[in-house]
file final.txt (compact mmCIF, C-alpha atoms and all ligand atoms)
# COMPACT_ATOMS: atom_id res chain seq x y z
CA MET A 1 -30.88 194.65 -93.74
CA PHE A 2 -27.29 194.39 -94.92
CA ASP A 3 -25.41 195.09 -91.68
CA GLN A 4 -24.79 191.43 -90.89
CA ILE A 5 -23.42 190.56 -94.29
CA GLU A 6 -19.86 189.29 -94.29
CA ALA A 7 -17.39 189.54 -97.14
CA ARG A 8 -16.66 186.33 -99.03
CA PRO A 9 -13.19 185.28 -100.12
CA ALA A 10 -12.34 185.76 -103.80
CA ASP A 11 -13.51 183.08 -106.24
CA PRO A 12 -10.87 180.30 -106.35
CA ILE A 13 -10.53 180.63 -110.14
CA LEU A 14 -11.64 184.15 -111.10
CA GLY A 15 -9.83 185.63 -108.08
CA LEU A 16 -6.48 184.54 -109.55
CA SER A 17 -6.68 187.16 -112.32
CA ALA A 18 -6.87 190.03 -109.83
CA ALA A 19 -3.96 188.62 -107.80
CA TYR A 20 -1.90 188.17 -111.00
CA LYS A 21 -2.59 191.76 -112.10
CA LYS A 22 -1.37 193.15 -108.79
CA ASP A 23 1.87 191.13 -108.84
CA THR A 24 4.89 193.25 -109.82
CA ASN A 25 7.23 190.32 -110.59
CA SER A 26 8.23 190.69 -114.26
CA ASN A 27 8.46 186.89 -114.55
CA LYS A 28 4.86 186.31 -113.41
CA ILE A 29 2.78 183.77 -115.33
CA ASP A 30 -1.01 183.52 -115.40
CA LEU A 31 -2.12 179.88 -115.71
CA GLY A 32 -5.38 180.51 -113.84
CA VAL A 33 -8.69 181.34 -115.47
CA GLY A 34 -9.57 179.15 -118.44
CA VAL A 35 -9.41 181.50 -121.37
CA TYR A 36 -7.43 180.74 -124.52
CA LYS A 37 -4.31 182.88 -124.82
CA ASP A 38 -2.09 183.32 -127.85
CA GLU A 39 1.69 183.39 -127.97
CA SER A 40 1.71 187.03 -126.84
CA GLY A 41 -0.28 186.12 -123.74
CA THR A 42 -3.49 187.85 -124.80
CA CYS A 43 -6.93 186.35 -125.14
CA PRO A 44 -7.55 187.50 -128.72
CA VAL A 45 -10.76 188.45 -130.52
CA MET A 46 -10.87 185.97 -133.40
CA LYS A 47 -10.53 187.56 -136.84
CA ALA A 48 -13.77 185.97 -138.04
CA VAL A 49 -15.53 187.50 -135.02
CA LYS A 50 -14.08 190.96 -135.72
CA THR A 51 -15.27 190.82 -139.31
CA ALA A 52 -18.74 189.68 -138.27
CA GLU A 53 -18.88 192.44 -135.68
CA ARG A 54 -18.12 195.11 -138.27
CA ARG A 55 -20.80 193.71 -140.58
CA LYS A 56 -23.30 193.43 -137.79
CA CYS A 57 -22.76 197.06 -136.87
CA ASP A 58 -23.73 198.01 -140.43
CA VAL A 59 -26.79 195.80 -140.78
CA GLU A 60 -28.34 195.85 -137.32
CA ASP A 61 -31.28 198.23 -137.37
CA SER A 62 -32.95 197.48 -134.05
CA LYS A 63 -32.14 196.61 -130.48
CA ALA A 64 -35.62 195.27 -129.75
CA TYR A 65 -35.82 192.00 -127.83
CA ILE A 66 -35.10 188.86 -129.81
CA ALA A 67 -37.21 185.68 -129.79
CA GLN A 68 -37.20 183.96 -126.41
CA ALA A 69 -35.46 180.86 -127.75
CA GLY A 70 -32.90 182.91 -129.70
CA PRO A 71 -32.34 183.51 -133.44
CA GLU A 72 -33.49 180.66 -135.66
CA GLY A 73 -30.15 180.47 -137.52
CA PHE A 74 -28.22 180.36 -134.26
CA ILE A 75 -30.31 177.41 -133.09
CA ARG A 76 -29.80 175.56 -136.37
CA HIS A 77 -26.03 176.08 -136.28
CA THR A 78 -25.81 175.04 -132.63
CA LEU A 79 -27.57 171.79 -133.41
CA ASN A 80 -25.37 171.16 -136.42
CA LEU A 81 -22.21 171.83 -134.45
CA ASN A 82 -23.19 169.73 -131.45
CA LEU A 83 -24.95 166.89 -133.24
CA GLY A 84 -23.72 167.08 -136.85
CA ASN A 85 -25.84 168.11 -139.87
CA ALA A 86 -27.53 164.83 -140.62
CA HIS A 87 -28.16 163.62 -137.09
CA PRO A 88 -31.31 161.47 -136.70
CA ALA A 89 -32.42 163.44 -133.62
CA ILE A 90 -32.49 166.61 -135.77
CA ARG A 91 -34.22 164.84 -138.64
CA ASP A 92 -36.90 163.54 -136.25
CA GLY A 93 -37.38 166.90 -134.51
CA ARG A 94 -36.50 165.28 -131.16
CA TYR A 95 -34.85 168.38 -129.75
CA SER A 96 -35.44 171.75 -128.26
CA THR A 97 -32.63 174.30 -128.32
CA VAL A 98 -32.69 177.60 -126.46
CA LEU A 99 -30.04 180.35 -126.47
CA ALA A 100 -28.73 181.03 -122.97
CA PRO A 101 -26.26 183.50 -121.42
CA GLY A 102 -23.00 181.56 -121.77
CA GLY A 103 -22.12 178.01 -120.82
CA SER A 104 -22.84 178.69 -117.15
CA GLY A 105 -26.18 180.27 -118.02
CA SER A 106 -27.08 177.21 -120.05
CA LEU A 107 -26.15 174.83 -117.20
CA ARG A 108 -28.20 176.85 -114.76
CA LEU A 109 -31.18 177.21 -117.08
CA ALA A 110 -31.24 173.46 -117.76
CA ALA A 111 -30.91 172.71 -114.05
CA GLU A 112 -33.70 175.16 -113.18
CA PHE A 113 -35.95 173.66 -115.82
CA ILE A 114 -35.31 170.11 -114.58
CA ASN A 115 -35.70 171.03 -110.95
CA GLY A 116 -38.92 172.85 -111.82
CA SER A 117 -40.42 169.70 -113.30
CA ALA A 118 -38.82 167.14 -110.96
CA PRO A 119 -37.74 168.96 -107.78
CA GLY A 120 -34.62 167.68 -106.03
CA SER A 121 -33.63 165.34 -108.87
CA LYS A 122 -30.23 163.78 -108.34
CA ILE A 123 -27.32 164.70 -110.58
CA PHE A 124 -24.11 162.66 -110.46
CA VAL A 125 -21.08 164.92 -110.87
CA SER A 126 -17.54 163.72 -111.60
CA SER A 127 -14.86 164.01 -108.96
CA PRO A 128 -13.14 166.24 -109.76
CA SER A 129 -15.23 168.62 -111.82
CA TRP A 130 -15.21 172.32 -112.60
CA PRO A 131 -15.52 173.73 -109.05
CA ASN A 132 -18.37 176.02 -110.07
CA HIS A 133 -20.52 173.06 -111.16
CA VAL A 134 -21.32 172.41 -107.52
CA PRO A 135 -22.76 175.80 -106.45
CA LEU A 136 -24.23 176.43 -109.89
CA LEU A 137 -26.20 173.18 -110.04
CA SER A 138 -27.02 172.72 -106.36
CA SER A 139 -28.43 176.22 -105.94
CA SER A 140 -31.03 175.35 -108.56
CA GLY A 141 -32.34 172.72 -106.15
CA LEU A 142 -30.83 169.60 -107.74
CA THR A 143 -29.24 167.08 -105.37
CA LEU A 144 -25.60 166.43 -106.16
CA GLU A 145 -23.75 163.14 -105.76
CA GLU A 146 -20.13 162.63 -106.77
CA TYR A 147 -18.81 159.80 -108.88
CA PRO A 148 -15.08 158.95 -109.05
CA TYR A 149 -13.46 160.04 -112.30
CA TYR A 150 -9.76 160.89 -112.13
CA ASP A 151 -7.13 158.91 -110.29
CA HIS A 152 -4.62 161.49 -109.06
CA ALA A 153 -2.04 158.81 -108.26
CA THR A 154 -1.87 157.39 -111.80
CA HIS A 155 -2.99 160.58 -113.63
CA THR A 156 -5.57 158.58 -115.54
CA LEU A 157 -9.29 158.29 -115.83
CA ASP A 158 -10.55 155.70 -113.34
CA PHE A 159 -13.16 154.30 -115.68
CA ASP A 160 -13.93 151.15 -113.69
CA ALA A 161 -14.66 153.15 -110.54
CA MET A 162 -16.74 155.60 -112.56
CA MET A 163 -18.87 152.84 -114.08
CA GLU A 164 -19.29 151.11 -110.75
CA ALA A 165 -20.60 154.34 -109.20
CA LEU A 166 -22.86 155.10 -112.14
CA LYS A 167 -24.59 151.76 -111.69
CA GLY A 168 -26.29 153.61 -108.83
CA ALA A 169 -27.87 156.11 -111.25
CA GLY A 170 -31.32 155.17 -112.44
CA LYS A 171 -34.46 156.56 -114.04
CA GLY A 172 -35.06 160.15 -113.00
CA ASP A 173 -31.36 160.74 -112.25
CA LEU A 174 -28.96 162.83 -114.30
CA VAL A 175 -25.28 162.21 -114.93
CA LEU A 176 -23.11 165.22 -115.68
CA LEU A 177 -20.48 164.37 -118.29
CA HIS A 178 -17.87 166.66 -119.81
CA GLY A 179 -18.39 166.42 -123.58
CA CYS A 180 -14.64 166.86 -124.20
CA CYS A 181 -11.59 168.55 -122.66
CA HIS A 182 -12.53 167.68 -119.08
CA ASN A 183 -12.25 170.64 -116.75
CA PRO A 184 -10.09 170.40 -114.62
CA CYS A 185 -8.16 167.22 -115.51
CA GLY A 186 -8.11 167.08 -119.34
CA ALA A 187 -8.68 163.28 -119.25
CA ASP A 188 -11.54 162.41 -121.59
CA LEU A 189 -13.59 159.30 -122.22
CA ASN A 190 -12.47 157.45 -125.35
CA ASN A 191 -15.05 156.31 -127.91
CA ASP A 192 -15.43 152.84 -126.39
CA GLN A 193 -15.97 154.36 -122.98
CA TRP A 194 -18.64 156.71 -124.36
CA GLN A 195 -20.30 153.64 -125.81
CA ALA A 196 -20.18 151.86 -122.45
CA VAL A 197 -21.71 154.84 -120.60
CA THR A 198 -24.38 155.07 -123.29
CA ASP A 199 -25.19 151.37 -122.85
CA LEU A 200 -25.43 151.85 -119.10
CA ALA A 201 -27.74 154.86 -119.51
CA LEU A 202 -29.92 152.82 -121.82
CA ALA A 203 -30.03 149.88 -119.43
CA ASN A 204 -30.54 151.87 -116.22
CA GLY A 205 -32.54 154.79 -117.56
CA PHE A 206 -30.53 157.77 -116.32
CA THR A 207 -30.33 160.94 -118.39
CA PRO A 208 -26.87 162.20 -119.37
CA PHE A 209 -26.34 165.94 -118.90
CA ILE A 210 -23.40 166.94 -121.09
CA ASP A 211 -21.40 170.09 -120.45
CA MET A 212 -19.95 170.91 -123.87
CA ALA A 213 -17.83 173.97 -123.19
CA TYR A 214 -14.72 173.22 -125.26
CA GLN A 215 -15.86 171.68 -128.54
CA GLY A 216 -13.06 172.02 -131.08
CA LEU A 217 -10.23 172.48 -128.60
CA GLY A 218 -9.52 168.77 -128.05
CA ASP A 219 -9.21 166.69 -131.22
CA GLY A 220 -11.54 168.55 -133.60
CA LEU A 221 -15.12 169.77 -133.87
CA ASP A 222 -16.54 166.40 -134.90
CA GLU A 223 -14.22 164.25 -132.80
CA ASP A 224 -15.01 166.25 -129.65
CA ALA A 225 -18.74 165.75 -130.15
CA PHE A 226 -18.53 161.97 -130.52
CA GLY A 227 -20.11 161.24 -127.14
CA ALA A 228 -22.91 163.79 -127.47
CA ARG A 229 -23.79 162.55 -130.96
CA LEU A 230 -23.76 158.92 -129.92
CA MET A 231 -25.95 159.55 -126.91
CA ALA A 232 -28.40 161.70 -128.87
CA GLU A 233 -28.78 158.85 -131.34
CA LYS A 234 -29.04 155.94 -128.92
CA LEU A 235 -30.84 157.41 -125.93
CA PRO A 236 -34.39 158.71 -125.62
CA GLU A 237 -33.34 161.71 -123.53
CA LEU A 238 -30.26 163.87 -123.20
CA VAL A 239 -29.31 167.37 -122.07
CA ILE A 240 -26.49 169.28 -123.78
CA CYS A 241 -25.30 172.61 -122.40
CA SER A 242 -22.98 174.20 -124.92
CA SER A 243 -20.84 177.29 -124.85
CA TYR A 244 -19.33 179.61 -127.45
CA SER A 245 -16.98 181.25 -124.95
CA LYS A 246 -13.95 179.19 -125.83
CA ASN A 247 -14.35 178.04 -129.43
CA PHE A 248 -15.48 181.48 -130.68
CA GLY A 249 -13.65 183.47 -127.97
CA LEU A 250 -16.96 185.12 -127.04
CA TYR A 251 -16.42 184.88 -123.28
CA ARG A 252 -17.76 188.26 -122.26
CA ASP A 253 -20.62 188.21 -124.74
CA ARG A 254 -22.12 185.23 -122.89
CA VAL A 255 -23.28 182.86 -125.62
CA GLY A 256 -24.43 179.36 -124.84
CA ALA A 257 -27.33 177.05 -125.50
CA VAL A 258 -29.44 174.40 -123.82
CA THR A 259 -30.38 171.52 -126.09
CA ILE A 260 -32.76 168.96 -124.72
CA VAL A 261 -33.20 165.79 -126.72
CA THR A 262 -36.47 164.01 -126.03
CA SER A 263 -38.08 160.77 -127.12
CA ASN A 264 -40.38 162.46 -129.66
CA SER A 265 -41.01 165.81 -131.31
CA GLU A 266 -44.23 166.64 -129.40
CA THR A 267 -42.39 166.34 -126.10
CA ALA A 268 -39.55 168.44 -127.50
CA GLN A 269 -41.96 171.25 -128.32
CA ALA A 270 -43.48 171.13 -124.86
CA VAL A 271 -40.03 171.14 -123.26
CA GLY A 272 -39.05 174.18 -125.34
CA THR A 273 -41.99 176.17 -124.00
CA GLN A 274 -41.04 175.27 -120.43
CA VAL A 275 -37.37 176.18 -120.86
CA VAL A 276 -38.15 179.63 -122.26
CA ALA A 277 -40.74 180.15 -119.51
CA LYS A 278 -38.05 179.30 -116.95
CA ALA A 279 -35.67 181.77 -118.60
CA ARG A 280 -38.45 184.39 -118.47
CA GLU A 281 -38.62 183.88 -114.69
CA ILE A 282 -34.88 184.34 -114.31
CA TYR A 283 -33.66 186.89 -116.87
CA SER A 284 -36.53 187.19 -119.37
CA VAL A 285 -34.91 187.10 -122.81
CA PRO A 286 -31.36 186.14 -123.81
CA PRO A 287 -28.60 188.55 -124.89
CA ALA A 288 -28.40 188.79 -128.69
CA HIS A 289 -25.02 190.21 -129.66
CA GLY A 290 -22.81 187.11 -129.51
CA ALA A 291 -25.50 184.81 -130.85
CA PHE A 292 -25.86 187.02 -133.93
CA LEU A 293 -22.08 186.84 -134.47
CA VAL A 294 -22.12 183.04 -134.31
CA GLU A 295 -25.03 182.96 -136.72
CA MET A 296 -23.36 185.41 -139.09
CA ILE A 297 -20.07 183.48 -139.15
CA LEU A 298 -21.67 180.09 -139.65
CA ASP A 299 -24.02 181.46 -142.32
CA ASP A 300 -21.05 182.61 -144.38
CA GLU A 301 -18.74 180.06 -146.02
CA GLU A 302 -15.69 182.30 -146.01
CA LEU A 303 -16.10 183.36 -142.40
CA THR A 304 -16.75 179.77 -141.38
CA SER A 305 -13.54 178.57 -142.95
CA GLN A 306 -11.60 181.46 -141.41
CA TRP A 307 -13.05 180.63 -137.97
CA ASN A 308 -12.23 176.96 -138.51
CA GLU A 309 -8.63 177.81 -139.36
CA GLU A 310 -8.27 179.98 -136.29
CA LEU A 311 -9.79 177.28 -134.09
CA THR A 312 -7.42 174.70 -135.58
CA GLN A 313 -4.45 176.95 -134.83
CA MET A 314 -5.63 177.33 -131.24
CA ARG A 315 -6.02 173.58 -130.80
CA ASP A 316 -2.65 172.82 -132.43
CA ARG A 317 -0.96 175.40 -130.25
CA ILE A 318 -2.39 173.91 -127.06
CA ASN A 319 -1.43 170.37 -128.06
CA GLY A 320 2.05 171.56 -129.07
CA LEU A 321 2.51 173.30 -125.71
CA ARG A 322 1.51 170.11 -123.92
CA ARG A 323 4.25 168.18 -125.72
CA GLU A 324 6.81 170.93 -125.22
CA LEU A 325 6.15 171.26 -121.50
CA VAL A 326 6.58 167.52 -121.02
CA SER A 327 9.79 167.36 -123.01
CA LYS A 328 11.31 170.44 -121.32
CA LEU A 329 10.53 168.99 -117.89
CA GLN A 330 12.21 165.74 -118.95
CA GLU A 331 15.24 167.64 -120.29
CA ARG A 332 15.47 169.57 -117.02
CA GLY A 333 15.78 166.18 -115.32
CA VAL A 334 12.78 166.36 -112.99
CA SER A 335 12.15 162.99 -111.41
CA LYS A 336 8.35 163.18 -111.65
CA ASP A 337 6.85 161.78 -114.85
CA PHE A 338 4.71 164.47 -116.49
CA SER A 339 4.06 162.58 -119.73
CA PHE A 340 0.36 162.32 -118.89
CA ILE A 341 0.02 166.02 -119.78
CA GLN A 342 0.58 165.29 -123.45
CA ASN A 343 -2.20 162.70 -123.50
CA GLU A 344 -4.76 165.07 -121.99
CA LYS A 345 -6.96 167.46 -123.95
CA GLY A 346 -8.10 171.04 -123.92
CA LEU A 347 -7.03 173.95 -121.78
CA PHE A 348 -6.48 172.13 -118.50
CA SER A 349 -4.32 169.57 -116.74
CA PHE A 350 -3.35 169.03 -113.15
CA LEU A 351 0.37 169.32 -112.50
CA GLY A 352 -0.15 166.81 -109.71
CA LEU A 353 1.57 168.98 -107.10
CA SER A 354 0.81 169.24 -103.39
CA LYS A 355 -0.96 172.27 -101.87
CA GLU A 356 2.42 173.42 -100.48
CA GLN A 357 4.09 173.12 -103.87
CA VAL A 358 1.25 175.05 -105.54
CA SER A 359 1.42 177.74 -102.92
CA SER A 360 5.18 178.00 -103.42
CA LEU A 361 4.67 178.40 -107.18
CA VAL A 362 2.22 181.24 -106.50
CA ASN A 363 3.96 182.98 -103.63
CA ASP A 364 7.65 182.40 -104.41
CA TYR A 365 7.58 182.31 -108.21
CA SER A 366 4.50 184.37 -109.16
CA ILE A 367 3.05 181.50 -111.18
CA TYR A 368 -0.71 181.64 -110.79
CA LEU A 369 -2.61 178.36 -110.94
CA VAL A 370 -5.68 176.92 -109.22
CA GLY A 371 -5.09 175.39 -105.74
CA SER A 372 -5.79 171.90 -107.10
CA SER A 373 -2.63 172.36 -109.27
CA ARG A 374 -4.78 172.88 -112.39
CA ILE A 375 -3.00 174.87 -115.06
CA ASN A 376 -4.38 176.59 -118.14
CA VAL A 377 -1.95 175.20 -120.72
CA ALA A 378 -2.70 178.08 -123.13
CA GLY A 379 -1.13 180.49 -120.64
CA ILE A 380 2.29 178.99 -121.47
CA ASN A 381 4.32 180.62 -124.23
CA GLN A 382 7.89 180.72 -125.54
CA ALA A 383 8.73 183.66 -123.30
CA ASN A 384 7.68 181.96 -120.07
CA ILE A 385 8.06 178.21 -120.55
CA ASP A 386 11.67 177.99 -119.35
CA TYR A 387 10.91 179.96 -116.20
CA LEU A 388 7.87 177.74 -115.61
CA VAL A 389 9.89 174.54 -116.03
CA GLU A 390 12.67 175.82 -113.76
CA SER A 391 10.14 176.86 -111.09
CA ILE A 392 8.35 173.50 -111.19
CA ALA A 393 11.72 171.74 -110.89
CA LYS A 394 12.58 173.89 -107.88
CA VAL A 395 9.32 173.34 -106.00
CA LEU A 396 9.62 169.60 -106.61
C1 LIG B 1 -12.37 178.00 -115.85
O1 LIG B 1 -12.65 176.88 -115.42
O2 LIG B 1 -11.32 178.59 -115.57
C2 LIG B 1 -13.34 178.68 -116.77
O3 LIG B 1 -14.42 177.86 -117.02
C3 LIG B 1 -13.73 180.04 -116.27
C4 LIG B 1 -14.61 180.00 -115.05
O4 LIG B 1 -15.66 180.66 -115.11
O5 LIG B 1 -14.29 179.36 -114.05
call {"tool": "encode", "arguments": {"input": "final.txt", "output": "structure tokens"}}
result
Amino acid sequence: MFDQIEARPADPILGLSAAYKKDTNSNKIDLGVGVYKDESGTCPVMKAVKTAERRKCDVEDSKAYIAQAGPEGFIRHTLNLNLGNAHPAIRDGRYSTVLAPGGSGSLRLAAEFINGSAPGSKIFVSSPSWPNHVPLLSSSGLTLEEYPYYDHATHTLDFDAMMEALKGAGKGDLVLLHGCCHNPCGADLNNDQWQAVTDLALANGFTPFIDMAYQGLGDGLDEDAFGARLMAEKLPELVICSSYSKNFGLYRDRVGAVTIVTSNSETAQAVGTQVVAKAREIYSVPPAHGAFLVEMILDDEELTSQWNEELTQMRDRINGLRRELVSKLQERGVSKDFSFIQNEKGLFSFLGLSKEQVSSLVNDYSIYLVGSSRINVAGINQANIDYLVESIAKVL
């Protein structure tokens, strides 16, 4: 049965960690996989999470399965984070939220649910997008179509081209949007552009499908949710796939959620039953550990404010590193203008280097980044930034 199976190459993003670990160069830098790293280069467990974990250990008295949709408090907090406490869609009960195994699990569960009810539906995906969006969504049965998003020549969002392409999306189609901190380019829609896409969705009838994996790491928890909140208010239908990997550092605990906003509360209830039934077909019930931690932190005022402070520090550090990288590259006298990096948001930006230059950074300088020249900005620190700048200058 398995004799004909051939080995696959390593994942283009996750495979970088293994290559980095094997490298013996003491100057090596890991700018690959998108996890937040602190100044010491580690992906820390947040203090609020540690405290919640200790408490949970004391109070948890059962490991029985949890409710199929996830803990009630977790669902409430997810809605409040994504949509804001007083959002009309929450007030009107026009939503169904289901805990899912991480951001990827939530994307896949939503895609499976949609493909189950409308097989082969078309989803428009930005070019570029997180490379794993393509296999993850297409293997659910959805049909993918790209829309232009980032202009590599000008390092800016090509909004006109995006809107022109999205005019081709109509009723029954989905449009994948990055809620904030676009992965891989870091170039986000501004508020006016969110409004314009919302107007187009309203006029043409397509359903936005928002991947909200980095809320809080761009401009702030509320600011980063502007688009999702606007769309949930103005549009009859919306899908939000959220993740707690990055903003709570719960990567390996796999905590995410699917929120489907519908035109009325009866439909929302029906949708909820279908989404949990789909999850039952795939993995049965969701993992509980991380969801309980989120619930515990957001239930407790002190822990919430500690988490908020830690998240703010993370965001400020990333934005500070963006500015520092740009100014050090300028000081080093590189001819290429990298100032776009300080206008972009979240963990990622493209350096805008050629395949050959990227491969030289990896092979000659032990600087690990994705082949597209995407870097994880949080992998930069005071101990490695000068070596990084010097290496970029040399490959240029
Ligand atoms: C990334 O883009 O690096 C992260 O989302 C991690 C992953 O799973 O690819």
call {"tool": "residues_near_point", "arguments": {"input": "final.txt", "point": "(-37.0, 169.4, -136.6)", "cutoff": "12 Å", "atoms": "all atoms listed in the file", "output": "ChimeraX atom specification"}}
result
/A:72,75-76,79-80,85-97,261-262,264-266,268-269
call {"tool": "atom_distance", "arguments": {"input": "final.txt", "atom1": "atom CA of A:Arg317", "atom2": "atom CA of A:Met212"}}
result
20.5 Å
call {"tool": "residues_around", "arguments": {"input": "final.txt", "residues": "stretch 251-254 of chain A", "least_positions_apart": "2", "cutoff": "10 Å", "atoms": "all atoms listed in the file", "output": "list in words"}}
result
Val35, Tyr36, Cys43, Val45, Leu99, Ala100, Pro101, Gly102, Gly103, Ser104, Gly105, Ser106, Ser243, Tyr244, Ser245, Lys246, Asn247, Phe248, Gly249, Gly256, Pro286, Pro287, Ala288, His289, Gly290, Ala291 and Leu293 of chain A
call {"tool": "atom_distance", "arguments": {"input": "final.txt", "atom1": "atom CA of A:His77", "atom2": "atom CA of A:Leu221"}}
result
12.8 Å
call {"tool": "closest_residue", "arguments": {"input": "final.txt", "among": "A:Ile282, A:Leu298, A:Ile13, A:Leu200", "to": "ligand LIG 1 (chain B)", "atoms": "only C-alpha atoms and all ligand atoms"}}
result
A:Ile13
call {"tool": "closest_residue", "arguments": {"input": "final.txt", "among": "A:His133, A:Lys122, A:Lys171, A:Arg280", "to": "ligand LIG 1 (chain B)", "atoms": "all atoms listed in the file"}}
result
A:His133
call {"tool": "residues_around", "arguments": {"input": "final.txt", "residues": "A:Leu325", "least_positions_apart": "4", "cutoff": "8 Å", "atoms": "all atoms listed in the file", "output": "count of residues only"}}
result
4
call {"tool": "residues_near_ligand", "arguments": {"input": "final.txt", "ligand": "ligand LIG 1 (chain B)", "cutoff": "12 Å", "atoms": "only C-alpha atoms and all ligand atoms", "output": "ChimeraX atom specification"}}
result
/A:11-17,30-36,102-105,129-136,181-186,211-214,243-246,251-252,254,346-349,369-370,372,374-379
call {"tool": "atom_distance", "arguments": {"input": "final.txt", "atom1": "atom CA of A:Asn319", "atom2": "atom CA of A:Leu217"}}
result
9.1 Å
call {"tool": "closest_residue", "arguments": {"input": "final.txt", "among": "A:Val258, A:Ile123, A:Val175, A:Val294", "to": "A:Trp307", "atoms": "all atoms listed in the file"}}
result
A:Val294
call {"tool": "closest_residue", "arguments": {"input": "final.txt", "among": "A:Ala225, A:Val358, A:Leu166, A:Leu142", "to": "A:Gly116", "atoms": "only C-alpha atoms"}}
result
A:Leu142
call {"tool": "residues_around", "arguments": {"input": "final.txt", "residues": "A:Ser339", "least_positions_apart": "2", "cutoff": "12 Å", "atoms": "all atoms listed in the file", "output": "ChimeraX atom specification"}}
result
/A:154-156,322-330,334-337,341-344,349-352
call {"tool": "axis_aligned_box", "arguments": {"input": "final.txt", "around": "stretch 80-98 of chain A", "padding_each_side": "6 Å", "output": "JSON"}}
result
{"center_x": -29.8, "center_y": 169.5, "center_z": -133.5, "size_x": 27.2, "size_y": 28.1, "size_z": 26.2}
call {"tool": "residues_around", "arguments": {"input": "final.txt", "residues": "A:Lys167", "least_positions_apart": "5", "cutoff": "10 Å", "atoms": "all atoms listed in the file", "output": "list in words"}}
result
Met162, Val197, Leu200, Ala201, Ala203, Asn204 and Phe206 of chain A
call {"tool": "residues_around", "arguments": {"input": "final.txt", "residues": "A:Ser359", "least_positions_apart": "5", "cutoff": "10 Å", "atoms": "all atoms listed in the file", "output": "PyMOL selection string"}}
result
chain A and resi 353-354+364-371+373+395
